[in-house]
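With compact mmCIF, C-alpha atoms inside, this is upload_30.txt:
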# COMPACT_ATOMS: atom_id res chain seq x y z
CA MET A 173 93.95 30.99 41.89
CA ARG A 174 93.65 27.27 41.68
CA ARG A 175 91.99 26.02 38.49
CA LYS A 176 89.24 23.55 39.14
CA ARG A 177 89.86 20.18 37.65
CA ARG A 178 87.36 19.24 34.97
CA LYS A 179 85.34 16.14 35.62
CA ARG A 180 85.71 13.41 33.11
CA ALA A 181 82.57 12.72 31.08
CA ASN A 182 80.67 9.58 32.01
CA PRO A 183 80.73 7.44 28.85
CA TRP A 184 77.47 5.64 29.73
CA ARG A 185 75.64 8.95 30.08
CA VAL A 186 76.87 9.98 26.62
CA ILE A 187 75.68 6.73 25.12
CA MET A 188 72.20 7.09 26.70
CA LEU A 189 71.92 10.65 25.43
CA LEU A 190 72.81 9.60 21.89
CA LEU A 191 70.25 6.79 22.00
CA LEU A 192 67.56 9.24 23.18
CA ILE A 193 68.35 11.65 20.35
CA ALA A 194 68.23 8.81 17.82
CA THR A 195 64.85 7.66 19.16
CA VAL A 196 63.36 11.17 18.87
CA ILE A 197 64.59 11.49 15.31
CA TYR A 198 63.12 8.08 14.38
CA ILE A 199 59.72 8.89 15.87
CA ASN A 200 59.62 12.30 14.20
CA GLN A 201 60.51 10.96 10.76
CA MET A 202 58.94 7.51 10.70
CA VAL A 203 56.06 7.23 13.20
CA VAL A 204 54.44 10.67 13.34
CA PRO A 205 53.69 10.92 9.55
CA THR A 206 51.73 7.63 9.66
CA THR A 207 49.78 8.42 12.83
CA PRO A 208 46.39 10.16 12.35
CA PRO A 209 45.93 13.44 14.20
CA LEU A 210 44.26 13.20 17.57
CA PHE A 211 40.52 13.93 17.91
CA ILE A 212 39.91 13.70 14.11
CA PRO A 213 37.62 10.82 13.01
CA THR A 214 39.38 8.16 11.02
CA VAL A 215 38.30 7.68 7.43
CA THR A 216 36.40 4.41 6.89
CA PRO A 217 35.34 2.85 3.60
CA THR A 218 31.71 3.65 2.63
CA THR A 219 29.33 1.92 0.23
CA SER A 220 28.81 3.94 -2.93
CA SER A 221 25.35 5.10 -3.97
CA GLU A 222 25.69 3.03 -7.16
CA SER A 223 26.09 -0.11 -5.06
CA PHE A 224 22.90 0.67 -3.16
CA ILE A 225 21.08 1.29 -6.45
CA ASN A 226 22.25 -2.04 -7.87
CA GLN A 227 21.14 -3.75 -4.69
CA ALA A 228 17.75 -2.02 -4.80
CA GLU A 229 17.14 -2.97 -8.42
CA SER A 230 18.05 -6.59 -7.70
CA LEU A 231 15.70 -6.70 -4.72
CA TYR A 232 12.91 -5.17 -6.78
CA THR A 233 13.39 -7.81 -9.47
CA GLU A 234 13.11 -10.48 -6.77
CA GLY A 235 9.88 -8.88 -5.57
CA LYS A 236 11.35 -7.88 -2.23
CA LEU A 237 9.78 -4.45 -2.28
CA SER A 238 10.33 -3.54 1.37
CA GLN A 239 14.03 -4.36 1.16
CA ALA A 240 14.28 -2.52 -2.16
CA ILE A 241 12.78 0.55 -0.53
CA ASP A 242 15.41 0.38 2.23
CA ALA A 243 18.20 0.12 -0.35
CA TYR A 244 16.91 3.12 -2.31
CA GLU A 245 16.74 5.11 0.92
CA ASN A 246 20.37 4.21 1.63
CA ALA A 247 21.31 5.39 -1.85
CA ILE A 248 19.61 8.70 -1.14
CA LEU A 249 21.52 9.05 2.15
CA SER A 250 24.72 8.44 0.19
CA GLU A 251 23.84 10.94 -2.56
CA PRO A 252 20.95 13.12 -1.38
CA GLU A 253 20.87 15.51 -4.36
CA ASN A 254 20.32 12.86 -7.05
CA SER A 255 16.69 13.31 -8.09
CA SER A 256 16.57 10.01 -10.01
CA TYR A 257 17.01 8.08 -6.77
CA TYR A 258 13.90 9.71 -5.30
CA VAL A 259 11.96 8.85 -8.47
CA ALA A 260 13.01 5.19 -8.33
CA LEU A 261 12.07 5.04 -4.65
CA ALA A 262 8.68 6.65 -5.32
CA ARG A 263 7.91 4.10 -8.05
CA VAL A 264 8.56 1.11 -5.79
CA GLN A 265 6.65 2.69 -2.92
CA ILE A 266 3.63 3.21 -5.17
CA LEU A 267 3.79 -0.37 -6.44
CA ALA A 268 3.97 -1.49 -2.79
CA GLY A 269 0.87 0.54 -1.96
CA HIS A 270 2.66 3.25 0.05
CA TYR A 271 1.06 6.13 -1.81
CA ASP A 272 1.74 8.89 0.72
CA ASP A 273 5.43 8.02 0.80
CA GLY A 274 5.55 7.76 -2.97
CA LEU A 275 4.03 11.21 -3.32
CA GLU A 276 6.49 12.68 -0.85
CA ASN A 277 9.52 11.28 -2.65
CA ALA A 278 8.24 12.29 -6.08
CA GLU A 279 7.93 15.83 -4.77
CA LEU A 280 11.40 15.66 -3.20
CA ALA A 281 12.72 14.64 -6.62
CA LEU A 282 11.05 17.68 -8.17
CA LEU A 283 12.64 19.96 -5.59
CA ARG A 284 16.00 18.80 -6.93
CA ASN A 285 15.02 18.75 -10.60
CA SER A 286 11.72 20.40 -11.51
CA ASP A 287 12.10 19.29 -15.15
CA ASN A 288 12.22 15.55 -14.43
CA PRO A 289 9.26 14.13 -16.42
CA VAL A 290 9.22 10.79 -14.62
CA ALA A 291 9.09 12.56 -11.27
CA HIS A 292 5.98 14.42 -12.43
CA ALA A 293 4.53 11.10 -13.65
CA MET A 294 5.19 9.41 -10.30
CA ARG A 295 3.58 12.33 -8.51
CA ALA A 296 0.56 11.97 -10.78
CA TRP A 297 0.35 8.22 -10.13
CA ALA A 298 0.43 8.64 -6.36
CA LEU A 299 -2.22 11.37 -6.51
CA ASP A 300 -4.43 9.15 -8.67
CA PHE A 301 -4.25 6.29 -6.18
CA MET A 302 -5.14 8.77 -3.44
CA GLY A 303 -8.24 9.92 -5.35
CA ASN A 304 -6.98 13.38 -6.28
CA TYR A 305 -7.77 13.02 -9.99
CA LEU A 306 -7.68 16.68 -11.04
CA GLU A 307 -4.26 17.33 -9.58
CA ALA A 308 -3.06 13.97 -10.89
CA GLU A 309 -4.13 14.88 -14.42
CA ALA A 310 -2.36 18.24 -14.23
CA ALA A 311 0.83 16.53 -13.04
CA VAL A 312 0.84 13.88 -15.78
CA LYS A 313 0.15 16.49 -18.47
CA HIS A 314 3.20 18.38 -17.25
CA ALA A 315 5.22 15.17 -17.50
CA LEU A 316 4.09 14.72 -21.13
CA GLU A 317 4.94 18.33 -21.94
CA LEU A 318 8.49 17.57 -20.83
CA ASP A 319 8.62 14.21 -22.64
CA GLU A 320 5.81 13.39 -25.03
CA ASN A 321 7.26 9.92 -25.66
CA SER A 322 7.29 8.79 -22.05
CA ALA A 323 5.57 5.39 -22.02
CA ILE A 324 5.16 5.43 -18.26
CA ALA A 325 3.51 8.87 -18.35
CA HIS A 326 1.04 7.74 -21.03
CA ALA A 327 0.30 4.60 -18.98
CA ILE A 328 -0.40 6.62 -15.86
CA TYR A 329 -2.52 9.06 -17.85
CA ALA A 330 -4.60 6.10 -19.07
CA GLU A 331 -5.31 5.03 -15.48
CA ILE A 332 -6.23 8.57 -14.47
CA MET A 333 -8.65 8.79 -17.41
CA VAL A 334 -10.30 5.52 -16.36
CA ASP A 335 -10.75 6.84 -12.84
CA LYS A 336 -12.32 10.01 -14.28
CA GLY A 337 -14.64 7.98 -16.53
CA ASP A 338 -13.03 8.89 -19.88
CA PHE A 339 -12.73 5.35 -21.25
CA ASP A 340 -12.13 6.33 -24.89
CA GLY A 341 -9.24 8.59 -23.97
CA ALA A 342 -7.90 5.95 -21.58
CA ALA A 343 -7.93 3.30 -24.31
CA GLU A 344 -5.96 5.56 -26.65
CA GLU A 345 -3.38 6.43 -23.99
CA SER A 346 -2.92 2.81 -22.95
CA ARG A 347 -2.35 1.67 -26.55
CA LEU A 348 0.17 4.46 -27.07
CA ALA A 349 2.03 3.48 -23.90
CA LEU A 350 2.44 -0.07 -25.18
CA GLU A 351 3.57 1.13 -28.60
CA LEU A 352 6.24 3.28 -26.98
CA ASP A 353 7.47 0.51 -24.68
CA PRO A 354 6.08 -3.03 -25.15
CA ASN A 355 8.23 -4.23 -22.23
CA SER A 356 6.92 -1.74 -19.69
CA LEU A 357 5.22 -3.23 -16.65
CA GLU A 358 3.28 -0.01 -16.16
CA ALA A 359 2.09 -0.02 -19.77
CA HIS A 360 0.71 -3.57 -19.53
CA ARG A 361 -0.83 -2.78 -16.16
CA ALA A 362 -2.54 0.32 -17.54
CA ARG A 363 -3.83 -1.54 -20.59
CA GLY A 364 -5.23 -4.25 -18.32
CA TYR A 365 -6.84 -1.60 -16.14
CA VAL A 366 -8.60 -0.04 -19.13
CA LEU A 367 -9.78 -3.43 -20.42
CA TYR A 368 -11.05 -4.43 -16.98
CA TRP A 369 -13.17 -1.31 -16.57
CA THR A 370 -14.55 -1.65 -20.10
CA SER A 371 -15.58 -5.27 -19.35
CA ASN A 372 -13.04 -6.82 -21.73
CA TYR A 373 -12.09 -9.27 -19.03
CA ASP A 374 -10.33 -11.96 -21.07
CA LEU A 375 -8.08 -9.37 -22.69
CA ALA A 376 -7.48 -7.74 -19.31
CA ILE A 377 -6.29 -11.08 -17.94
CA ASP A 378 -3.81 -11.32 -20.83
CA GLU A 379 -2.39 -7.89 -20.01
CA TYR A 380 -2.08 -8.52 -16.30
CA GLN A 381 -0.35 -11.82 -16.99
CA ALA A 382 2.02 -10.00 -19.34
CA ALA A 383 2.82 -7.53 -16.57
CA LEU A 384 3.37 -10.40 -14.12
CA ALA A 385 5.72 -12.02 -16.64
CA ILE A 386 7.90 -8.92 -16.22
CA ASN A 387 7.71 -9.05 -12.42
CA ASN A 388 5.41 -11.58 -10.78
CA ARG A 389 5.95 -10.30 -7.26
CA ILE A 390 3.95 -7.07 -7.37
CA PRO A 391 0.93 -7.46 -5.02
CA ASN A 392 -1.27 -4.99 -6.89
CA LEU A 393 -0.97 -6.94 -10.15
CA HIS A 394 -2.21 -10.09 -8.41
CA MET A 395 -5.04 -8.09 -6.87
CA MET A 396 -6.18 -6.77 -10.24
CA LEU A 397 -5.95 -10.24 -11.75
CA GLY A 398 -8.09 -11.49 -8.86
CA TYR A 399 -10.76 -8.86 -9.51
CA THR A 400 -10.80 -9.79 -13.19
CA TYR A 401 -11.17 -13.50 -12.53
CA ALA A 402 -14.03 -12.76 -10.13
CA ALA A 403 -15.77 -10.68 -12.80
CA ILE A 404 -15.95 -13.69 -15.13
CA GLY A 405 -16.93 -16.13 -12.38
CA GLU A 406 -13.60 -17.93 -12.09
CA TYR A 407 -13.75 -17.77 -8.31
CA ASP A 408 -11.05 -20.31 -7.51
CA SER A 409 -8.55 -18.43 -9.67
CA SER A 410 -9.71 -15.18 -8.10
CA VAL A 411 -9.06 -16.38 -4.54
CA GLU A 412 -5.72 -17.84 -5.64
CA SER A 413 -4.67 -14.43 -6.97
CA PHE A 414 -5.76 -12.70 -3.77
CA ASN A 415 -3.79 -15.27 -1.77
CA GLN A 416 -0.73 -14.53 -3.91
CA ALA A 417 -1.08 -10.84 -3.15
CA ASN A 418 -1.48 -11.60 0.55
CA ALA A 419 1.64 -13.76 0.58
CA LEU A 420 3.64 -10.89 -0.91
CA ASN A 421 2.22 -8.30 1.48
CA PRO A 422 0.80 -10.15 4.50
CA GLY A 423 0.15 -7.02 6.53
CA ASP A 424 -2.37 -5.69 4.00
CA PRO A 425 -5.98 -6.64 4.90
CA THR A 426 -7.29 -6.03 1.37
CA PRO A 427 -6.54 -9.46 -0.16
CA ASP A 428 -8.26 -11.27 2.72
CA TYR A 429 -11.19 -8.87 2.55
CA GLU A 430 -11.63 -9.44 -1.18
CA ALA A 431 -11.38 -13.22 -0.77
CA SER A 432 -14.13 -13.02 1.85
CA ARG A 433 -16.31 -11.17 -0.66
CA VAL A 434 -15.74 -13.90 -3.25
CA TYR A 435 -16.91 -16.58 -0.83
CA PHE A 436 -19.82 -14.34 0.17
CA THR A 437 -20.82 -14.11 -3.49
CA ILE A 438 -20.93 -17.89 -3.94
CA GLY A 439 -22.62 -18.50 -0.60
CA GLU A 440 -19.73 -20.22 1.18
CA PHE A 441 -20.12 -18.24 4.39
CA ALA A 442 -17.83 -20.36 6.59
CA GLN A 443 -14.92 -19.59 4.27
CA ALA A 444 -16.05 -15.98 4.05
CA VAL A 445 -15.89 -15.73 7.85
CA GLN A 446 -12.34 -17.10 7.93
CA TYR A 447 -11.01 -14.58 5.44
CA ALA A 448 -12.97 -11.72 7.00
CA GLU A 449 -11.46 -12.59 10.39
CA GLN A 450 -7.95 -12.50 8.91
CA ALA A 451 -8.64 -9.06 7.44
CA VAL A 452 -9.79 -7.76 10.83
CA ASN A 453 -6.71 -9.22 12.50
CA ASP A 454 -4.58 -7.20 10.10
CA ASP A 455 -6.42 -3.95 10.86
CA PRO A 456 -8.78 -4.24 13.85
CA GLY A 457 -9.45 -0.51 14.01
CA ASN A 458 -10.98 -0.46 10.53
CA ALA A 459 -14.76 -0.09 10.87
CA ASN A 460 -15.39 -1.30 7.33
CA LEU A 461 -13.55 -4.56 8.00
CA GLN A 462 -15.40 -4.99 11.30
CA GLY A 463 -18.69 -4.50 9.46
CA ASN A 464 -17.71 -6.97 6.76
CA LEU A 465 -16.92 -9.61 9.39
CA GLY A 466 -20.26 -8.91 11.06
CA VAL A 467 -22.04 -9.41 7.73
CA MET A 468 -20.30 -12.75 7.22
CA TYR A 469 -21.20 -13.93 10.71
CA ALA A 470 -24.83 -12.88 10.17
CA LYS A 471 -24.95 -14.79 6.89
CA HIS A 472 -23.43 -17.79 8.65
CA ASP A 473 -26.18 -17.49 11.29
CA GLU A 474 -23.81 -16.69 14.14
CA LEU A 475 -25.88 -13.78 15.36
CA ASN A 476 -24.18 -12.97 18.65
CA LYS A 477 -20.77 -12.77 16.99
CA ALA A 478 -22.29 -10.82 14.15
CA ILE A 479 -23.82 -8.15 16.37
CA THR A 480 -20.51 -7.57 18.15
CA HIS A 481 -18.73 -6.61 14.94
CA LEU A 482 -21.70 -4.85 13.35
CA THR A 483 -22.08 -2.68 16.45
CA LEU A 484 -18.40 -1.75 16.31
CA SER A 485 -18.82 -0.83 12.65
CA VAL A 486 -21.95 1.29 13.08
CA GLN A 487 -21.67 2.67 16.60
CA GLY A 488 -17.93 2.48 17.14
CA GLY A 489 -16.34 1.25 20.32
CA VAL A 490 -13.34 -0.62 21.63
CA THR A 491 -12.34 -4.16 20.68
CA ASP A 492 -11.49 -6.84 23.25
CA ASN A 493 -7.82 -6.01 22.64
CA GLY A 494 -8.34 -2.32 23.37
CA VAL A 495 -8.32 -1.05 19.79
CA VAL A 496 -10.57 1.97 19.21
CA VAL A 497 -13.00 1.75 16.27
CA GLU A 498 -14.81 4.81 14.92
CA GLY A 499 -18.30 4.09 13.63
CA ILE A 500 -19.31 4.61 10.01
CA PRO A 501 -22.08 7.16 9.36
CA ILE A 502 -24.86 5.96 7.08
CA SER A 503 -24.48 6.82 3.39
CA TYR A 504 -25.36 5.60 -0.07
CA LYS A 505 -22.17 3.56 -0.32
CA LEU A 506 -23.20 -0.01 -1.08
CA ARG A 507 -21.10 -1.61 1.64
CA VAL A 508 -22.40 0.87 4.21
CA ILE A 509 -26.00 0.08 3.29
CA GLU A 510 -25.17 -3.61 3.56
CA VAL A 511 -23.72 -3.18 7.05
CA TYR A 512 -26.64 -1.07 8.30
CA SER A 513 -29.14 -3.53 6.82
CA LEU A 514 -27.55 -6.53 8.52
CA TYR A 515 -27.07 -4.57 11.75
CA GLY A 516 -30.75 -3.71 12.03
CA LEU A 517 -31.97 -7.14 10.89
CA THR A 518 -29.64 -8.96 13.27
CA LEU A 519 -30.86 -6.83 16.17
CA ALA A 520 -34.43 -7.67 15.18
CA ARG A 521 -33.69 -11.39 14.98
CA LEU A 522 -32.18 -11.18 18.48
CA ASN A 523 -35.43 -9.59 19.75
CA ARG A 524 -33.66 -6.27 20.34
CA CYS A 525 -36.23 -4.22 18.48
CA GLY A 526 -35.79 -1.23 20.76
CA GLU A 527 -32.37 -0.84 19.17
CA ALA A 528 -33.34 -2.08 15.71
CA ILE A 529 -36.28 0.25 14.98
CA PRO A 530 -34.20 3.48 15.16
CA VAL A 531 -31.74 1.90 12.71
CA PHE A 532 -34.51 1.16 10.20
CA GLN A 533 -36.04 4.60 10.65
CA ASN A 534 -32.64 6.19 10.05
CA MET A 535 -32.23 4.17 6.84
CA LEU A 536 -35.67 5.21 5.55
CA ALA A 537 -34.92 8.85 6.32
CA THR A 538 -31.35 8.98 5.03
CA VAL A 539 -31.01 6.52 2.11
CA ALA A 540 -34.61 6.41 0.91
CA ASP A 541 -33.56 6.36 -2.75
CA ASN A 542 -31.82 3.00 -2.40
CA GLU A 543 -34.25 0.14 -3.05
CA VAL A 544 -32.29 -2.44 -1.09
CA ALA A 545 -32.06 -0.18 1.96
CA VAL A 546 -35.80 0.52 1.85
CA PHE A 547 -36.67 -3.16 1.38
CA ASN A 548 -34.51 -4.25 4.32
CA ALA A 549 -35.71 -1.44 6.57
CA GLU A 550 -39.36 -2.22 5.88
CA ALA A 551 -38.74 -5.95 6.36
CA GLY A 552 -37.03 -5.24 9.67
CA LEU A 553 -39.87 -3.04 10.89
CA GLU A 554 -42.34 -5.78 10.00
CA ILE A 555 -40.32 -8.29 12.01
CA CYS A 556 -40.42 -6.02 15.02
CA GLN A 557 -44.11 -5.21 14.63
CA THR A 558 -45.27 -8.82 14.17
CA GLY A 559 -42.66 -10.54 16.31
CA ALA A 560 -41.96 -12.90 13.42
CA THR A 561 -38.24 -13.21 14.05
CA ASP A 562 -38.15 -16.35 11.94
CA ALA A 563 -39.15 -14.32 8.89
CA ALA A 564 -35.56 -13.17 8.42
CA THR A 565 -33.35 -16.15 7.72
CA GLY A 566 -30.18 -14.43 6.62
CA ASP A 567 -31.25 -14.49 2.97
CA GLU A 568 -32.36 -10.86 2.89
CA PRO A 569 -31.14 -8.94 -0.16
CA THR A 570 -27.95 -7.00 0.09
CA PRO A 571 -26.37 -4.55 -2.34
CA GLU A 572 -24.52 -5.97 -5.29
CA PRO A 573 -20.75 -5.40 -5.32
Once you've parsed the file, please lay out its structure as structure tokens.
Amino acid sequence: MRRKRRKRANPWRVIMLLLLIATVIYINQMVVPTTPPLFIPTVTPTTSSESFINQAESLYTEGKLSQAIDAYENAILSEPENSSYYVALARVQILAGHYDDGLENAELALLRNSDNPVAHAMRAWALDFMGNYLEAEAAVKHALELDENSAIAHAIYAEIMVDKGDFDGAAEESRLALELDPNSLEAHRARGYVLYWTSNYDLAIDEYQAALAINNRIPNLHMMLGYTYAAIGEYDSSVESFNQANALNPGDPTPDYEASRVYFTIGEFAQAVQYAEQAVNDDPGNANLQGNLGVMYAKHDELNKAITHLTLSVQGGVTDNGVVVEGIPISYKLRVIEVYSLYGLTLARLNRCGEAIPVFQNMLATVADNEVAVFNAEAGLEICQTGATDAATGDEPTPEP
């Protein structure tokens, strides 16, 4: 048999094969270890919770409460089991007037640490602002059981006692809060609150100014200072404080509403109308604000404008911009009596006695124990019976604030 002759190897093919082997080895040893696995998310740097907390505290110090709230929420997203973050968030939310949110976060803090005294105190504070005084008192007492030297808990307890009418107990708690922490904003605020409600207005001003020296960008502190200035007749300072509060929280209608009441008190009804309009613009669906604007228009002798807003307040309806307003039922609340009085009297002055008389009759039947309501109802019925529409000049008595 003939042996087949072996073919000589192609040197170029050998070289290519060696290069291919070398390439595979390089990729396996050098490239693959540094390449992330497919379909697995790459790791990216994240901001630590401590950084968010530092940012939040800085924003709070600057008075940027909304931004501080956002930063605290980011801290919670970064470390959701840290109860202290929920407490800090609740505190700022309460100072910003977001009481429902503050209550929710105080309770979330307690779910993570039921023995956190400050969380119980924040829960109590939110409940107090929401008018739930009994539950608020129980919560703050629990806070003090956990930490009897908590200045903030004693301060909040003082405010709760004021709201319950226990002024002696409130005074003692507020003094103790300041002794425990003379640099506490809450302690100075609480002491000012006690002094305001016990008619020690000059001392209350001192305490509110001390609180503002700690942080002068808390809207509620400016509001309380405004109320105190109004109580001693310093109306310009009062309006200035309300304007400060409004500048810090422009979406809140309360500062404009209170400024309108100051101008109402001193008889400057044109200014009162301007501020009352701004309050309604902030919250057009609020029947109380609609009624207040109607009162100011009536006092300014703009009867047709007055009746529009007074009708919305009493009867309810829809504004020109399509906002629904639910009417306020008559009650012994001073502002409600004021609105009903001006509603009926304005109808009478517009010769709409068919609508006015049922209003006066309702007042006599429902709030007969209020002297102002009875006086205005009887005056309105006399206008309608005699036709003396010029008898009511807009100077009819209204309830004192």
With 12 Å as the threshold, what does the neighbourhood of (-4.2, 18.5, -12.4) contain in terms of residues, counting only C-alpha atoms? Coordinates are those of the file; answer as a PyMOL selection string. chain A and resi 292-293+295-297+299-300+303-315+329+332-333+336
Counting all atoms listed in the file, figure out which residue out of A:Val486, A:Val544, A:Ala362, A:Met396 gets nearest to Leu506 (chain A).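 Looking at the shortest contact to Leu506 (chain A), the residue is A:Val544.
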Skip Gly526 (chain A) itself and residues of its chain fewer than 4 positions away, then list as a ChimeraX atom specification all residues within 12 Å of it, counting all atoms listed in the file. /A:516,519-522,530-533,552-553,556-557
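The gap separating CA of Pro354 (chain A) from CA of Leu384 (chain A) is 13.5 Å, in Å to one decimal.
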Using all atoms listed in the file, what does the table of region 263-300 of chain A residues within 12 Å of region 422-429 of chain A look like, with each row giving the shortest atom pair and its distance in Å to one decimal, sorted by chain and ascending number, as CSV?
residue,atom,partner,partner_atom,distance
A:Ala268,CA,A:Asp424,CA,10.2
A:Gly269,CA,A:Asp424,CA,9.2
A:His270,CA,A:Asp424,CA,11.0
When distances are computed from all atoms listed in the file, which of A:Ser356, A:Ser410, A:Gln227, A:Gln443 shows the smallest separation from Ile328 (chain A)?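 Distance minimum relative to Ile328 (chain A) lands on A:Ser356.
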Could you check the closest approach to Ser413 (chain A) for each of A:Gln446, A:Ser220, A:Thr400, A:Asn460 and tell me which residue wins, using only C-alpha atoms?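 Nearest to Ser413 (chain A): A:Thr400.
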For CA of Gln416 (chain A) and CA of Met294 (chain A), quote the distance in Å rounded to one decimal.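 Computed distance, CA of Gln416 (chain A) to CA of Met294 (chain A), equals 25.5 Å.
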Tell me, in Å to one decimal, how far CA of Ile529 (chain A) is from CA of Thr491 (chain A).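 About the pair CA of Ile529 (chain A) and CA of Thr491 (chain A): they are 25.0 Å apart.
Taking all atoms listed in the file into account, the residues near (2.8, 8.8, -4.9), no farther than 8 Å, are A:Ala262, A:Arg263, A:Gln265, A:Ile266, A:His270, A:Tyr271, A:Asp272, A:Asp273, A:Gly274, A:Leu275, A:Glu276, A:Asn277, A:Ala278, A:Met294, A:Arg295, A:Ala296, A:Trp297, A:Ala298, A:Leu299, A:Phe301.
Considering the residues A:Val264, A:Ser371, A:Ser255, A:Ala343 and counting all atoms listed in the file, Leu283 (chain A) has its shortest atom-to-atom contact with A:Ser255.
The shell of residues at most 10 Å from region 432-435 of chain A, with all atoms listed in the file counted and near chain neighbours (fewer than 6 positions) removed, consists of Gly398, Tyr399, Ala402, Gly405, Glu406, Tyr407, Asp408, Ser410, Val411, Thr426, Phe441, Ala442, Gln443, Ala444, Val445, Gln446, Tyr447, Ala448, Glu449, Gln450, Ala451, Asn464, Leu465, Met468 and Pro573 of chain A.
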Nearest residue to Ala323 (chain A) from the set A:Ala349, A:Leu280, A:Ala382, A:Met302 (distances using only C-alpha atoms):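 Once distances to Ala323 (chain A) are computed over only C-alpha atoms, the minimum belongs to A:Ala349.
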For Glu229 (chain A), find every residue with an atom within 10 Å (counting all atoms listed in the file), except residues of its own chain fewer than 2 positions away, and show them as an MDAnalysis selection string. chainID A and resid 223:227 231:237 240:241 243:244 260 264
